[in-house]
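J.: Mind having a look at this structure? Questions to follow.
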Amino acid sequence: MVWLFLLALFLIFIVPAKFRLQTLGGIILLTLIGFFISQPEEEGAKEVRNIIPIEQIEFITVEFQPRPGVGQELVGEILNHSSYALTGLGIQLIIKDCIKNSEESQEICSVLEETRAHLSLFAPPKEKRKFKKRLYLRELHARGHIQWEYTILYTETRKRGFWERLSFFQG
């Protein structure tokens with residue numbers, strides 16, 4: 001960012017004195033345009049979220065694999081039953097420590113960690129795709145066996161471009 005400021009100062013001083021005001025105005029205008037273009041579109045994000053109902057997304061396989069170093073990796077396959085291309089989804093993971101109760105022959109579980117993650121992927125309509133997401137969890141010291149639960153919080157699809165919205169270009 002600093003180098004852009006220095007470049008702007010250099011341009012102002014290199015331009016002849018009678019054009020410095022116009023050059024400065026042009027730099028300020030370009031800066032404002034760049035700022036507004038680079039800002040995330042919150043309304044656009046709302047437009048593309050939850051177009052695909054959560055019920056139309058199915059996890060086929062999900063595994064948690066330890067990674068060398070820090071973290072674990074969430075690996076699996078997802079099936080998109082919808083007519084839209086899936087470009088991402090949000091999931092909530094709940095990690096539980098479950099101990100079998102010998103008296104009542106049922107499991108007693110306590111939550112070790114709860115986390116949310118965003119999976120960026122591309123799954124065309126009616127197709128399945130593999131995904132991989134590295135998760136950074138704290139060390140899990142379980143007394144019994146670890147049980148994972150995951151739920152889908154939201155789905156995302158690609159926003160249509162200007163040309164795709166025109167009826168002439170739709171198939």
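Here, A, B, ... name the chains of the structure tokens in the order displayed, residue numbers run from 1 inside each chain, and ligands are numbered from 1 in the same displayed order.
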Excluding range 124-138 of chain A and its own-chain neighbours fewer than 3 positions away, which residues fall within 7 Å of it when counting only C-alpha atoms? Please give them as a list of chain:residue names.

T.: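 Non-adjacent residues within range: A:Val70, A:Gly71, A:Gln72, A:Glu73, A:Leu74, A:Val75, A:Gly76, A:Glu77, A:Ile78, A:Leu79, A:Asn80, A:His81, A:Ser82, A:Ser83, A:Tyr84, A:Ala85, A:Leu86, A:Leu119, A:Leu121.
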
J.: Suppose we keep C-alpha atoms; can you now write the selection as a short mmCIF file (atom, residue, chain, number, x, y, z; two decimals), in the first residue's frame?

T.:
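The file below, part-v2.cif, is the result:
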data_model
loop_
_atom_site.label_atom_id
_atom_site.label_comp_id
_atom_site.auth_asym_id
_atom_site.auth_seq_id
_atom_site.Cartn_x
_atom_site.Cartn_y
_atom_site.Cartn_z
CA VAL A 70 -0.64 -29.24 13.54
CA GLY A 71 -4.26 -29.93 12.74
CA GLN A 72 -6.43 -32.59 11.23
CA GLU A 73 -7.92 -32.88 7.80
CA LEU A 74 -11.60 -33.30 7.06
CA VAL A 75 -11.76 -35.44 3.90
CA GLY A 76 -14.80 -36.79 2.13
CA GLU A 77 -17.23 -36.80 -0.75
CA ILE A 78 -20.36 -34.75 -1.18
CA LEU A 79 -23.32 -35.33 -3.51
CA ASN A 80 -25.23 -32.36 -4.92
CA HIS A 81 -28.84 -33.39 -5.64
CA SER A 82 -29.89 -29.87 -6.72
CA SER A 83 -30.11 -28.29 -10.17
CA TYR A 84 -27.54 -25.60 -9.22
CA ALA A 85 -23.77 -25.87 -9.01
CA LEU A 86 -22.58 -25.96 -5.40
CA LEU A 119 -15.70 -25.66 2.58
CA LEU A 121 -15.58 -26.70 -3.53
#

J.: What lies within 9 Å of range 96-113 of chain A using only C-alpha atoms, ignoring chain neighbours under 2 positions off, as a list in words?

T.: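 Near range 96-113 of chain A, the qualifying residues are Leu93, Ile94, Thr115, Leu137, Arg138, Leu140, His141, Ala142, Arg143, Gly144, His145, Ile146, Gln147, Trp148 and Glu149 of chain A.
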
J.: Let me see the file: selected residues, C-alpha atoms, as a PDB file, in the first residue's frame.

T.:
ATOM      1  CA  LEU A  93     -18.513 -29.827  13.757  1.00  0.00           C
ATOM      2  CA  ILE A  94     -19.146 -31.106  17.256  1.00  0.00           C
ATOM      3  CA  THR A 115     -16.228 -25.409  15.570  1.00  0.00           C
ATOM      4  CA  LEU A 137      -8.331 -28.113  16.688  1.00  0.00           C
ATOM      5  CA  ARG A 138      -6.938 -28.227  20.184  1.00  0.00           C
ATOM      6  CA  LEU A 140      -8.373 -33.903  22.284  1.00  0.00           C
ATOM      7  CA  HIS A 141      -7.794 -35.896  25.473  1.00  0.00           C
ATOM      8  CA  ALA A 142     -10.668 -38.358  25.378  1.00  0.00           C
ATOM      9  CA  ARG A 143     -11.458 -40.760  28.217  1.00  0.00           C
ATOM     10  CA  GLY A 144     -13.699 -42.881  26.017  1.00  0.00           C
ATOM     11  CA  HIS A 145     -14.079 -42.856  22.248  1.00  0.00           C
ATOM     12  CA  ILE A 146     -14.391 -39.735  20.124  1.00  0.00           C
ATOM     13  CA  GLN A 147     -17.635 -39.174  18.246  1.00  0.00           C
ATOM     14  CA  TRP A 148     -17.933 -36.558  15.479  1.00  0.00           C
ATOM     15  CA  GLU A 149     -21.162 -34.858  14.477  1.00  0.00           C
TER      16      GLU A 149
END

J.: Just how far from CA of Val15 in chain A is CA of Thr31 in chain A, in Å to one decimal?

T.: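 Distance reported for this atom pair: 18.4 Å.
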
J.: Step one, run DSSP on the backbone; step two, keep only residues of range 6-166 of chain A assigned to strand (DSSP E or B); then write them as JSON, numbers by chain.

T.: {"A": [49, 57, 58, 59, 60, 61, 62, 63, 64, 65, 66, 72, 73, 74, 75, 76, 77, 78, 79, 80, 86, 87, 88, 89, 90, 91, 92, 93, 94, 95, 96, 97, 98, 99, 100, 101, 106, 107, 108, 109, 110, 111, 112, 113, 114, 115, 116, 117, 118, 119, 120, 121, 122, 123, 128, 129, 130, 131, 132, 133, 134, 135, 145, 146, 147, 148, 149, 150, 151, 152, 153, 154, 155, 156, 157]}

J.: Using only C-alpha atoms, find the one residue out of A:Ile60, A:Ile37, A:Ile27, A:Ile152 that sits nearest to Gly88 in chain A.

T.: A:Ile152

J.: Which residues are near Arg49 in chain A? Cut-off 9 Å, only C-alpha atoms, ignore same chain within fewer than 5 positions. Put them as a list in words.

T.: Gly44, Leu89, Tyr154, Thr155, Glu156 and Thr157 of chain A

J.: So how many Å separate CA of Trp3 in chain A and CA of Pro16 in chain A, to one decimal?

T.: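 Distance reported for this atom pair: 21.8 Å.
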
J.: Go through chain A and collect every residue that DSSP, computed from the backbone, puts in alpha helix (DSSP H); the answer should be as a ChimeraX atom specification.

T.: /A:2-14,20-38,42-48,162-165

J.: Keeping only C-alpha atoms, write the selected residues as a PDB file, in the first residue's frame.

T.:
ATOM      1  CA  VAL A   2       2.877   2.329   0.819  1.00  0.00           C
ATOM      2  CA  TRP A   3       4.421   1.793  -2.605  1.00  0.00           C
ATOM      3  CA  LEU A   4       1.178   2.959  -4.243  1.00  0.00           C
ATOM      4  CA  PHE A   5       1.314   6.148  -2.198  1.00  0.00           C
ATOM      5  CA  LEU A   6       4.952   6.709  -3.158  1.00  0.00           C
ATOM      6  CA  LEU A   7       4.134   6.048  -6.822  1.00  0.00           C
ATOM      7  CA  ALA A   8       1.317   8.624  -6.670  1.00  0.00           C
ATOM      8  CA  LEU A   9       3.670  11.208  -5.133  1.00  0.00           C
ATOM      9  CA  PHE A  10       6.264  10.454  -7.797  1.00  0.00           C
ATOM     10  CA  LEU A  11       3.667  10.926 -10.552  1.00  0.00           C
ATOM     11  CA  ILE A  12       2.547  14.244  -9.079  1.00  0.00           C
ATOM     12  CA  PHE A  13       6.095  15.619  -8.992  1.00  0.00           C
ATOM     13  CA  ILE A  14       7.051  14.287 -12.440  1.00  0.00           C
ATOM     14  CA  ARG A  20      -0.564  18.545 -11.070  1.00  0.00           C
ATOM     15  CA  LEU A  21      -4.060  19.355  -9.842  1.00  0.00           C
ATOM     16  CA  GLN A  22      -5.669  17.254 -12.612  1.00  0.00           C
ATOM     17  CA  THR A  23      -3.199  14.414 -11.934  1.00  0.00           C
ATOM     18  CA  LEU A  24      -3.970  14.514  -8.214  1.00  0.00           C
ATOM     19  CA  GLY A  25      -7.716  14.495  -8.966  1.00  0.00           C
ATOM     20  CA  GLY A  26      -7.283  11.504 -11.284  1.00  0.00           C
ATOM     21  CA  ILE A  27      -5.303   9.585  -8.665  1.00  0.00           C
ATOM     22  CA  ILE A  28      -7.946  10.299  -6.009  1.00  0.00           C
ATOM     23  CA  LEU A  29     -10.727   9.234  -8.387  1.00  0.00           C
ATOM     24  CA  LEU A  30      -8.931   5.985  -9.292  1.00  0.00           C
ATOM     25  CA  THR A  31      -8.311   5.299  -5.600  1.00  0.00           C
ATOM     26  CA  LEU A  32     -12.001   5.722  -4.766  1.00  0.00           C
ATOM     27  CA  ILE A  33     -13.066   3.510  -7.687  1.00  0.00           C
ATOM     28  CA  GLY A  34     -10.573   0.835  -6.614  1.00  0.00           C
ATOM     29  CA  PHE A  35     -11.782   1.019  -3.031  1.00  0.00           C
ATOM     30  CA  PHE A  36     -15.447   0.526  -3.963  1.00  0.00           C
ATOM     31  CA  ILE A  37     -14.694  -2.305  -6.390  1.00  0.00           C
ATOM     32  CA  SER A  38     -12.560  -4.165  -3.856  1.00  0.00           C
ATOM     33  CA  GLU A  42     -22.601  -8.436   1.447  1.00  0.00           C
ATOM     34  CA  GLU A  43     -25.859  -8.362  -0.479  1.00  0.00           C
ATOM     35  CA  GLY A  44     -24.258 -10.462  -3.212  1.00  0.00           C
ATOM     36  CA  ALA A  45     -23.225 -13.021  -0.617  1.00  0.00           C
ATOM     37  CA  LYS A  46     -26.809 -13.181   0.647  1.00  0.00           C
ATOM     38  CA  GLU A  47     -28.011 -13.640  -2.934  1.00  0.00           C
ATOM     39  CA  VAL A  48     -25.959 -16.778  -3.479  1.00  0.00           C
ATOM     40  CA  PHE A 162     -24.425 -10.320 -16.490  1.00  0.00           C
ATOM     41  CA  TRP A 163     -24.464 -12.312 -19.741  1.00  0.00           C
ATOM     42  CA  GLU A 164     -25.955 -15.396 -18.073  1.00  0.00           C
ATOM     43  CA  ARG A 165     -28.923 -13.371 -16.799  1.00  0.00           C
TER      44      ARG A 165
END

J.: Just to confirm, what's the straight-line distance from CA of Glu63 in chain A to CA of Ala123 in chain A in Å (one decimal)?

T.: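 About the pair CA of Glu63 in chain A and CA of Ala123 in chain A: they are 18.7 Å apart.
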